[in-house]
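A.B. asks: Here you go, this is final_5.txt (compact mmCIF, C-alpha atoms).
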```txt
# COMPACT_ATOMS: atom_id res chain seq x y z
CA MET A 838 15.54 -12.50 -10.68
CA ARG A 839 17.67 -12.50 -7.54
CA GLY A 840 17.80 -8.72 -7.12
CA LYS A 841 14.02 -8.51 -7.00
CA GLN A 842 13.85 -11.37 -4.49
CA ILE A 843 16.36 -9.66 -2.20
CA ARG A 844 14.43 -6.39 -2.30
CA MET A 845 11.11 -8.14 -1.72
CA GLU A 846 12.49 -9.51 1.54
CA ARG A 847 13.02 -5.93 2.72
CA ILE A 848 9.32 -5.15 2.42
CA MET A 849 7.76 -8.52 3.30
CA ASP A 850 8.37 -10.65 6.39
CA ARG A 851 10.40 -13.64 5.25
CA ASN A 852 8.90 -15.87 7.97
CA THR A 853 5.21 -15.13 7.40
CA GLY A 854 5.29 -13.95 3.79
CA LYS A 855 3.04 -11.07 4.87
CA THR A 856 3.58 -7.32 5.01
CA ILE A 857 2.46 -4.17 6.80
CA ILE A 858 2.95 -1.07 4.65
CA VAL A 859 2.23 2.46 5.86
CA PRO A 860 1.60 4.77 2.88
CA MET A 861 2.58 8.38 3.54
CA ASP A 862 2.03 9.77 0.05
CA HIS A 863 -0.96 11.85 1.19
CA GLY A 864 1.21 14.96 1.50
CA VAL A 865 1.22 15.46 -2.26
CA THR A 866 -2.52 14.84 -2.53
CA ALA A 867 -3.71 16.94 0.40
CA GLY A 868 -0.70 18.93 1.61
CA PRO A 869 0.56 19.02 5.20
CA MET A 870 -1.72 17.03 7.45
CA PRO A 871 -1.58 15.57 10.98
CA GLY A 872 0.87 12.70 11.13
CA LEU A 873 2.89 13.92 8.15
CA ILE A 874 4.16 17.25 9.46
CA ASP A 875 7.17 15.48 10.99
CA MET A 876 7.55 12.44 8.77
CA GLY A 877 10.75 11.32 10.48
CA LYS A 878 9.01 11.02 13.83
CA THR A 879 6.09 9.11 12.31
CA VAL A 880 8.39 6.73 10.44
CA ASP A 881 10.23 5.98 13.69
CA LEU A 882 6.92 5.23 15.46
CA VAL A 883 5.45 2.90 12.83
CA ALA A 884 8.80 1.16 12.44
CA ALA A 885 8.96 0.62 16.20
CA GLY A 886 5.50 -0.91 16.04
CA GLY A 887 6.61 -3.45 13.43
CA ALA A 888 5.80 -1.94 10.03
CA ASN A 889 7.61 -3.72 7.22
CA ALA A 890 7.72 -0.71 4.90
CA VAL A 891 6.71 2.91 4.48
CA LEU A 892 5.60 4.36 1.15
CA GLY A 893 5.83 7.89 -0.16
CA HIS A 894 7.29 10.30 -2.69
CA PRO A 895 10.95 11.41 -2.84
CA GLY A 896 10.32 13.80 0.06
CA LEU A 897 9.91 10.79 2.34
CA ALA A 898 13.37 9.54 1.40
CA LEU A 899 14.87 13.02 1.71
CA TYR A 900 13.25 14.20 4.93
CA GLY A 901 11.84 11.29 6.89
CA HIS A 902 13.34 7.86 6.26
CA ARG A 903 16.26 6.02 7.88
CA GLN A 904 17.29 8.96 10.03
CA SER A 905 16.98 7.18 13.38
CA GLY A 906 15.24 4.29 15.08
CA ARG A 907 14.49 0.83 13.69
CA ASP A 908 15.08 0.29 9.98
CA VAL A 909 12.08 -0.19 7.72
CA GLY A 910 11.64 -0.83 4.00
CA LEU A 911 11.21 2.09 1.61
CA ILE A 912 8.74 2.12 -1.29
CA LEU A 913 8.85 5.21 -3.51
CA HIS A 914 5.58 6.17 -5.18
CA LEU A 915 5.86 7.16 -8.84
CA SER A 916 2.31 8.55 -9.30
CA ALA A 917 0.80 11.82 -8.15
CA SER A 918 -2.21 14.13 -8.27
CA THR A 919 -3.56 16.80 -5.93
CA SER A 920 -7.01 17.39 -4.48
CA LEU A 921 -7.08 20.77 -6.29
CA GLY A 922 -6.65 19.30 -9.76
CA PRO A 923 -9.55 19.06 -12.23
CA ASP A 924 -9.64 15.26 -11.86
CA PRO A 925 -7.97 13.82 -8.74
CA ASN A 926 -8.50 10.34 -10.22
CA GLU A 927 -6.03 11.15 -13.00
CA LYS A 928 -2.55 10.17 -11.85
CA VAL A 929 0.62 11.27 -13.62
CA ILE A 930 4.11 9.80 -13.35
CA VAL A 931 6.47 12.08 -11.40
CA ASN A 932 9.47 9.82 -10.72
CA THR A 933 11.40 7.00 -12.41
CA VAL A 934 12.48 3.51 -11.50
CA THR A 935 16.15 4.34 -11.96
CA ASN A 936 15.92 7.44 -9.78
CA ALA A 937 14.15 5.40 -7.08
CA LEU A 938 17.07 2.96 -7.21
CA LYS A 939 19.52 5.84 -6.81
CA MET A 940 17.56 7.07 -3.79
CA GLY A 941 17.84 3.69 -2.08
CA ALA A 942 14.26 2.46 -2.56
CA ASP A 943 13.45 -1.20 -1.99
CA ALA A 944 10.41 -1.03 -4.29
CA VAL A 945 8.30 1.41 -6.31
CA SER A 946 4.54 1.86 -6.57
CA VAL A 947 2.09 3.14 -9.18
CA HIS A 948 -1.55 4.18 -8.71
CA ILE A 949 -4.13 3.15 -11.34
CA ASN A 950 -7.84 4.00 -11.29
CA ILE A 951 -9.61 1.39 -13.41
CA GLY A 952 -12.63 2.94 -15.12
CA ALA A 953 -11.40 6.54 -14.92
CA PRO A 954 -11.37 8.60 -18.15
CA SER A 955 -7.57 8.45 -18.16
CA GLU A 956 -7.45 4.67 -17.59
CA ALA A 957 -5.74 3.92 -20.91
CA ARG A 958 -2.85 6.29 -20.25
CA MET A 959 -2.43 5.05 -16.66
CA LEU A 960 -2.38 1.43 -17.86
CA ALA A 961 0.26 2.34 -20.45
CA ASP A 962 2.33 3.87 -17.64
CA LEU A 963 1.92 0.73 -15.55
CA GLY A 964 2.97 -1.56 -18.39
CA ARG A 965 6.06 0.52 -19.18
CA ILE A 966 7.10 0.72 -15.54
CA GLY A 967 6.50 -3.02 -15.12
CA VAL A 968 9.02 -3.69 -17.91
CA GLU A 969 11.56 -1.32 -16.33
CA CYS A 970 11.14 -3.02 -12.97
CA MET A 971 11.80 -6.42 -14.56
CA GLU A 972 14.95 -5.04 -16.16
CA TRP A 973 16.31 -3.56 -12.92
CA GLY A 974 15.10 -6.20 -10.47
CA MET A 975 12.89 -3.70 -8.67
CA PRO A 976 9.67 -4.87 -6.99
CA LEU A 977 6.53 -3.09 -8.19
CA LEU A 978 3.42 -2.46 -6.10
CA ALA A 979 0.36 -1.51 -8.16
CA MET A 980 -2.44 0.35 -6.39
CA MET A 981 -5.46 -0.84 -8.37
CA TYR A 982 -8.76 0.90 -7.60
CA PRO A 983 -12.05 0.52 -9.53
CA ARG A 984 -13.23 4.12 -9.94
CA GLY A 985 -15.21 5.52 -12.82
CA ALA A 986 -18.61 6.33 -14.29
CA LYS A 987 -19.37 2.66 -15.01
CA ILE A 988 -18.56 1.61 -11.43
CA ALA A 989 -21.38 2.32 -8.98
CA ASP A 990 -19.54 0.79 -6.02
CA GLU A 991 -15.76 0.58 -5.81
CA LYS A 992 -16.18 -2.46 -3.52
CA ASP A 993 -18.02 -4.41 -6.23
CA VAL A 994 -16.41 -7.85 -6.25
CA GLY A 995 -16.28 -8.17 -10.03
CA ALA A 996 -14.70 -4.75 -10.43
CA VAL A 997 -12.14 -5.38 -7.70
CA CYS A 998 -11.26 -8.77 -9.17
CA LEU A 999 -10.71 -7.15 -12.58
CA ALA A 1000 -8.60 -4.34 -11.15
CA ALA A 1001 -6.38 -6.70 -9.14
CA ARG A 1002 -5.89 -9.10 -12.04
CA ALA A 1003 -5.03 -6.27 -14.43
CA GLY A 1004 -2.27 -5.11 -12.08
CA ALA A 1005 -0.75 -8.58 -11.90
CA GLU A 1006 -1.01 -9.16 -15.66
CA LEU A 1007 0.88 -5.92 -16.36
CA GLY A 1008 3.84 -6.79 -14.15
CA ALA A 1009 3.01 -5.92 -10.54
CA ASP A 1010 4.69 -8.03 -7.86
CA ILE A 1011 2.17 -6.89 -5.23
CA VAL A 1012 -1.33 -5.51 -5.80
CA LYS A 1013 -3.05 -3.12 -3.40
CA THR A 1014 -6.80 -2.77 -3.65
CA VAL A 1015 -9.96 -2.13 -1.63
CA TYR A 1016 -11.55 -4.62 0.74
CA THR A 1017 -14.82 -5.95 -0.64
CA GLY A 1018 -16.47 -6.09 2.78
CA ASP A 1019 -16.28 -9.73 3.84
CA PRO A 1020 -13.75 -12.59 3.73
CA ASP A 1021 -15.68 -14.77 1.26
CA SER A 1022 -15.98 -12.10 -1.43
CA PHE A 1023 -12.41 -10.93 -0.89
CA ARG A 1024 -11.22 -14.50 -1.33
CA GLU A 1025 -12.50 -14.27 -4.91
CA VAL A 1026 -10.11 -11.36 -5.41
CA THR A 1027 -7.07 -13.12 -3.94
CA ARG A 1028 -7.79 -16.39 -5.73
CA GLY A 1029 -8.07 -14.59 -9.06
CA CYS A 1030 -4.82 -12.66 -8.63
CA PRO A 1031 -1.53 -14.57 -9.14
CA VAL A 1032 0.51 -12.15 -6.99
CA PRO A 1033 0.13 -11.15 -3.32
CA VAL A 1034 -2.77 -8.78 -2.59
CA VAL A 1035 -2.66 -6.20 0.21
CA VAL A 1036 -5.74 -4.36 1.36
CA ALA A 1037 -6.14 -0.58 1.61
CA GLY A 1038 -7.21 0.94 4.92
CA GLY A 1039 -9.81 3.31 3.56
CA SER A 1040 -11.13 6.41 5.32
CA LYS A 1041 -10.21 7.37 8.86
CA THR A 1042 -12.29 5.35 11.30
CA ASP A 1043 -12.18 3.83 14.79
CA ASP A 1044 -9.63 1.23 15.87
CA LEU A 1045 -11.97 -1.73 16.12
CA SER A 1046 -13.44 -1.17 12.65
CA THR A 1047 -9.98 -0.97 11.10
CA LEU A 1048 -8.74 -4.04 12.95
CA GLN A 1049 -11.85 -5.96 11.90
CA LEU A 1050 -11.17 -4.96 8.28
CA ILE A 1051 -7.63 -6.31 8.65
CA GLU A 1052 -8.86 -9.55 10.22
CA GLY A 1053 -11.43 -10.09 7.47
CA ALA A 1054 -8.93 -9.35 4.71
CA MET A 1055 -6.39 -11.78 6.14
CA GLU A 1056 -9.08 -14.46 6.44
CA GLY A 1057 -9.89 -13.76 2.79
CA GLY A 1058 -6.33 -14.51 1.69
CA ALA A 1059 -4.67 -11.09 1.82
CA ALA A 1060 -0.90 -10.93 2.00
CA GLY A 1061 -1.05 -7.95 4.32
CA ILE A 1062 -2.23 -4.38 4.62
CA SER A 1063 -1.37 -0.93 3.33
CA ILE A 1064 -2.95 1.46 5.83
CA GLY A 1065 -2.21 5.19 5.95
CA ARG A 1066 -4.38 7.63 7.88
CA ASN A 1067 -5.63 5.07 10.38
CA ALA A 1068 -1.98 4.42 11.23
CA PHE A 1069 -0.04 7.68 10.91
CA GLN A 1070 -2.86 9.81 12.35
CA HIS A 1071 -3.41 7.48 15.29
CA PRO A 1072 -2.62 8.99 18.73
CA HIS A 1073 -0.16 6.10 19.17
CA PRO A 1074 0.97 4.88 15.73
CA ASP A 1075 3.42 2.41 17.27
CA LEU A 1076 0.71 0.69 19.31
CA PHE A 1077 -1.72 0.59 16.40
CA ILE A 1078 0.85 -1.01 14.10
CA MET A 1079 1.76 -3.47 16.86
CA ALA A 1080 -1.92 -4.45 17.06
CA ALA A 1081 -2.16 -4.77 13.27
CA ALA A 1082 0.97 -6.94 13.26
CA ALA A 1083 -0.62 -9.25 15.81
CA ILE A 1084 -3.33 -9.97 13.23
CA VAL A 1085 -1.23 -9.95 10.04
CA HIS A 1086 1.79 -11.85 11.32
CA GLY A 1087 0.42 -13.50 14.46
CA GLY A 1088 -3.06 -14.60 13.43
CA ARG A 1089 -4.75 -12.87 16.38
CA SER A 1090 -8.37 -11.66 16.32
CA ALA A 1091 -9.38 -8.01 16.04
CA GLU A 1092 -10.71 -8.07 19.61
CA GLU A 1093 -7.43 -9.50 20.93
CA ALA A 1094 -5.41 -6.95 18.96
CA LEU A 1095 -7.59 -4.09 20.23
CA GLU A 1096 -6.38 -4.76 23.77
CA MET A 1097 -2.86 -3.90 22.64
CA VAL A 1098 -3.99 -0.44 21.54
CA LYS A 1099 -5.78 0.15 24.82
```
Take the structure in the file and write it out as structure tokens.

C.D. replies:
Amino acid sequence: MRGKQIRMERIMDRNTGKTIIVPMDHGVTAGPMPGLIDMGKTVDLVAAGGANAVLGHPGLALYGHRQSGRDVGLILHLSASTSLGPDPNEKVIVNTVTNALKMGADAVSVHINIGAPSEARMLADLGRIGVECMEWGMPLLAMMYPRGAKIADEKDVGAVCLAARAGAELGADIVKTVYTGDPDSFREVTRGCPVPVVVAGGSKTDDLSTLQLIEGAMEGGAAGISIGRNAFQHPHPDLFIMAAAAIVHGGRSAEEALEMVK
């Protein structure tokens, strides 16, 4: 479908086939937080550093995207929950594919927690949205996380493989999931998933650890990264994204990229 191909090129580098996405949907989950108070400023900084796309709820499109600076792709997130809810792992759908199209989005995303008590309903949402995205030529990113009572470790290779494959089978064009900890085990995830896999950034940590995660994920076959807090809460988001791009698009090592942040 040509429309989907055109939109995919707005969120993935056409030369490398890789992507750097900066999710900024944390405002709904946790409220105002450093890096998201002035979303427009943060978008300008990560775009200047070389981000391919930013991701968030309609507020990102309304208050922070394409107001100035370098252009960057827009992914609108359709799922939401807050940290004050009875089960933060239960995500509900708060936007539609057609409304995202009207707002100028280049793609949409949905969050699914495999193993959560509400897994069945979230999978039903993903399947329905996957069909709508096929109809409208809209790329779909599925955030697939193994989280539930039966999952002792969300980095378990088998669980991550299952989560990633489920996202692809239900219509995702890109799957986002957790890094399993080393390139060899993560390669099992990427080999078992027929669509590009991007790795989540995880908790806030130091620059070298995050860059090493990116390097390992790329060695393991990742199609890029989707890193939030370690990017938008960085003292210099533009420099951090520039360093990440050196690994994702340029094949540099974490140690080489770290010099760019310094």

A.B. asks: Can you list, as a PyMOL selection string, every protein, DNA or RNA residue that comes within 9 Å of Thr933 of chain A when you count only C-alpha atoms, leaving out same-chain residues fewer than 6 positions away?

C.D. replies: chain A and resi 915+945+966

A.B. asks: Taking into account only C-alpha atoms, which residue in the set A:Ser905, A:Gly941, A:Thr853, A:Asp990 is nearest to Gly1088 of chain A?

C.D. replies: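 Smallest distance to Gly1088 of chain A is found for A:Thr853.
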
A.B. asks: What's the 6 Å shell around Ile858 of chain A, counting only C-alpha atoms, without same-chain residues fewer than 2 positions away, as a tab-separated table (two decimals) with C-alpha atoms, in the frame of the given file?

C.D. replies:
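Final output, saved to result.tsv:
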```tsv
chain	number	residue	atom	x	y	z
A	889	ASN	CA	7.61	-3.72	7.22
A	890	ALA	CA	7.72	-0.71	4.90
A	891	VAL	CA	6.71	2.91	4.48
A	1063	SER	CA	-1.37	-0.93	3.33
```

A.B. asks: May I have the residues within 10 Å of Thr919 of chain A as a compact mmCIF listing (two decimals) with C-alpha atoms, in the coordinates of the input, using only C-alpha atoms and disregarding those fewer than 3 positions away in the same chain?

C.D. replies:
```txt
# COMPACT_ATOMS: atom_id res chain seq x y z
CA HIS A 863 -0.96 11.85 1.19
CA GLY A 864 1.21 14.96 1.50
CA VAL A 865 1.22 15.46 -2.26
CA THR A 866 -2.52 14.84 -2.53
CA ALA A 867 -3.71 16.94 0.40
CA GLY A 868 -0.70 18.93 1.61
CA GLY A 922 -6.65 19.30 -9.76
CA PRO A 923 -9.55 19.06 -12.23
CA ASP A 924 -9.64 15.26 -11.86
CA PRO A 925 -7.97 13.82 -8.74
CA ASN A 926 -8.50 10.34 -10.22
CA GLU A 927 -6.03 11.15 -13.00
CA LYS A 928 -2.55 10.17 -11.85
```

A.B. asks: Do you know which residues are at most 10 Å from Ser1090 of chain A counting all atoms listed in the file, after dropping those on the same chain fewer than 3 positions away, and could you put them as a list in words?

C.D. replies: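 Result of the neighbour search: Leu1048, Gln1049, Ile1051, Glu1052, Gly1053, Ala1080, Ala1081, Ala1083, Ile1084, Val1085, Gly1087, Glu1093, Ala1094 and Leu1095 of chain A.
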
A.B. asks: Which polymer residues have any atom within 10 Å of an atom of Ala1082 of chain A, counting all atoms listed in the file, with same-chain residues fewer than 6 positions away left out, as a PyMOL selection string?

C.D. replies: chain A and resi 855-857+886-889+1051+1061-1062+1076+1088-1089+1094

A.B. asks: Tell me, in Å to one decimal, how far atom CA of Ala1037 of chain A is from atom CA of Thr1014 of chain A.

C.D. replies: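 Atom CA of Thr1014 of chain A lies at a distance of 5.7 Å from atom CA of Ala1037 of chain A.
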
A.B. asks: If you take only C-alpha atoms and a cut-off of 10 Å, which residues of segment 898-919 of chain A touch segment 969-988 of chain A, and what are their nearest atom pairs and distances in Å to one decimal, in chain and number order, as a Markdown table?

C.D. replies:
```
| residue | atom | partner | partner_atom | distance |
| --- | --- | --- | --- | --- |
| A:Ile912 | CA | A:Leu978 | CA | 8.5 |
| A:Leu913 | CA | A:Leu978 | CA | 9.7 |
| A:His914 | CA | A:Leu978 | CA | 8.9 |
| A:Ser916 | CA | A:Met980 | CA | 9.9 |
```

A.B. asks: Kindly provide, as a list in words, the polymer residues lying within 10 Å of (-13.1, -14.7, -1.8), counting only C-alpha atoms and using the coordinates exactly as they appear in the file.

C.D. replies: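 Protein and nucleic acid residues near the point are Val994, Cys998, Thr1017, Asp1019, Pro1020, Asp1021, Ser1022, Phe1023, Arg1024, Glu1025, Val1026, Thr1027, Arg1028, Gly1029, Ala1054, Glu1056, Gly1057, Gly1058 and Ala1059 of chain A.
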
A.B. asks: What gap, in Å, lies between atom CA of Leu882 of chain A and atom CA of Asp1075 of chain A?

C.D. replies: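 According to the coordinates, atom CA of Leu882 of chain A and atom CA of Asp1075 of chain A are separated by 4.8 Å.
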
A.B. asks: Tell me, in Å to one decimal, how far atom CA of Gly1004 of chain A is from atom CA of Asp962 of chain A.

C.D. replies: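 Atom CA of Asp962 of chain A lies 11.5 Å from atom CA of Gly1004 of chain A.
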
A.B. asks: Pick the closest to Ile843 of chain A from A:Gly1018, A:Gly910, A:Pro871, A:Pro1031: which is it, counting all atoms listed in the file?

C.D. replies: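 That would be A:Gly910, the residue with the smallest distance to Ile843 of chain A.
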
A.B. asks: I need the residue nearest Val1015 of chain A from this list: A:Val968, A:Ile1064, A:Ala989, A:Val859. Use all atoms listed in the file for the distance.

C.D. replies: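 Nearest candidate to Val1015 of chain A out of A:Val968, A:Ile1064, A:Ala989, A:Val859: A:Ile1064.
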
A.B. asks: I'd like to know which of A:Leu1045, A:Met1079, A:Ala944, A:Ala1000 is closest to Gly840 of chain A, using all atoms listed in the file.

C.D. replies: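 The answer is A:Ala944, which sits nearest to Gly840 of chain A.
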
A.B. asks: With all atoms listed in the file as the basis for distance, which of A:Leu897, A:Val1012, A:Val1036, A:Val934 is at the shortest distance from His948 of chain A?

C.D. replies: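 Looking only at the distances to His948 of chain A, the closest residue turns out to be A:Val1012.
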
A.B. asks: From the list A:Arg907, A:Glu1096, A:Glu991, A:Met1055, which residue is nearest Gly952 of chain A when using only C-alpha atoms?

C.D. replies: A:Glu991

A.B. asks: My structure is short of atoms at segment 941-957 of chain A; please model N, CA and C atoms there, returning them as a short mmCIF file (atom, residue, chain, number, x, y, z; two decimals), in the coordinates of the input.

C.D. replies:
```cif
data_model
loop_
_atom_site.label_atom_id
_atom_site.label_comp_id
_atom_site.auth_asym_id
_atom_site.auth_seq_id
_atom_site.Cartn_x
_atom_site.Cartn_y
_atom_site.Cartn_z
N GLY A 941 17.78 4.75 -3.06
CA GLY A 941 17.84 3.69 -2.08
C GLY A 941 16.53 2.96 -1.84
N ALA A 942 15.56 3.11 -2.75
CA ALA A 942 14.26 2.46 -2.56
C ALA A 942 14.37 0.95 -2.68
N ASP A 943 13.54 0.26 -1.93
CA ASP A 943 13.45 -1.20 -1.99
C ASP A 943 12.37 -1.65 -2.96
N ALA A 944 11.48 -0.74 -3.35
CA ALA A 944 10.41 -1.03 -4.29
C ALA A 944 9.84 0.29 -4.79
N VAL A 945 9.02 0.23 -5.83
CA VAL A 945 8.30 1.41 -6.31
C VAL A 945 6.82 1.05 -6.39
N SER A 946 5.97 2.09 -6.45
CA SER A 946 4.54 1.86 -6.57
C SER A 946 3.94 2.81 -7.59
N VAL A 947 2.83 2.36 -8.18
CA VAL A 947 2.09 3.14 -9.18
C VAL A 947 0.61 3.03 -8.84
N HIS A 948 -0.12 4.14 -9.00
CA HIS A 948 -1.55 4.18 -8.71
C HIS A 948 -2.33 4.20 -10.02
N ILE A 949 -3.29 3.25 -10.14
CA ILE A 949 -4.13 3.15 -11.34
C ILE A 949 -5.59 3.15 -10.92
N ASN A 950 -6.40 3.99 -11.53
CA ASN A 950 -7.84 4.00 -11.29
C ASN A 950 -8.54 3.37 -12.50
N ILE A 951 -8.94 2.11 -12.33
CA ILE A 951 -9.61 1.39 -13.41
C ILE A 951 -11.02 1.97 -13.60
N GLY A 952 -11.34 2.35 -14.82
CA GLY A 952 -12.63 2.94 -15.12
C GLY A 952 -12.62 4.45 -15.23
N ALA A 953 -11.52 5.09 -14.81
CA ALA A 953 -11.40 6.54 -14.92
C ALA A 953 -11.21 6.93 -16.39
N PRO A 954 -11.55 8.17 -16.76
CA PRO A 954 -11.37 8.60 -18.15
C PRO A 954 -9.94 8.44 -18.66
N SER A 955 -8.98 8.55 -17.76
CA SER A 955 -7.57 8.45 -18.16
C SER A 955 -7.02 7.04 -17.94
N GLU A 956 -7.90 6.04 -17.85
CA GLU A 956 -7.45 4.67 -17.59
C GLU A 956 -6.41 4.20 -18.60
N ALA A 957 -6.63 4.43 -19.88
CA ALA A 957 -5.74 3.92 -20.91
C ALA A 957 -4.32 4.44 -20.72
#
```
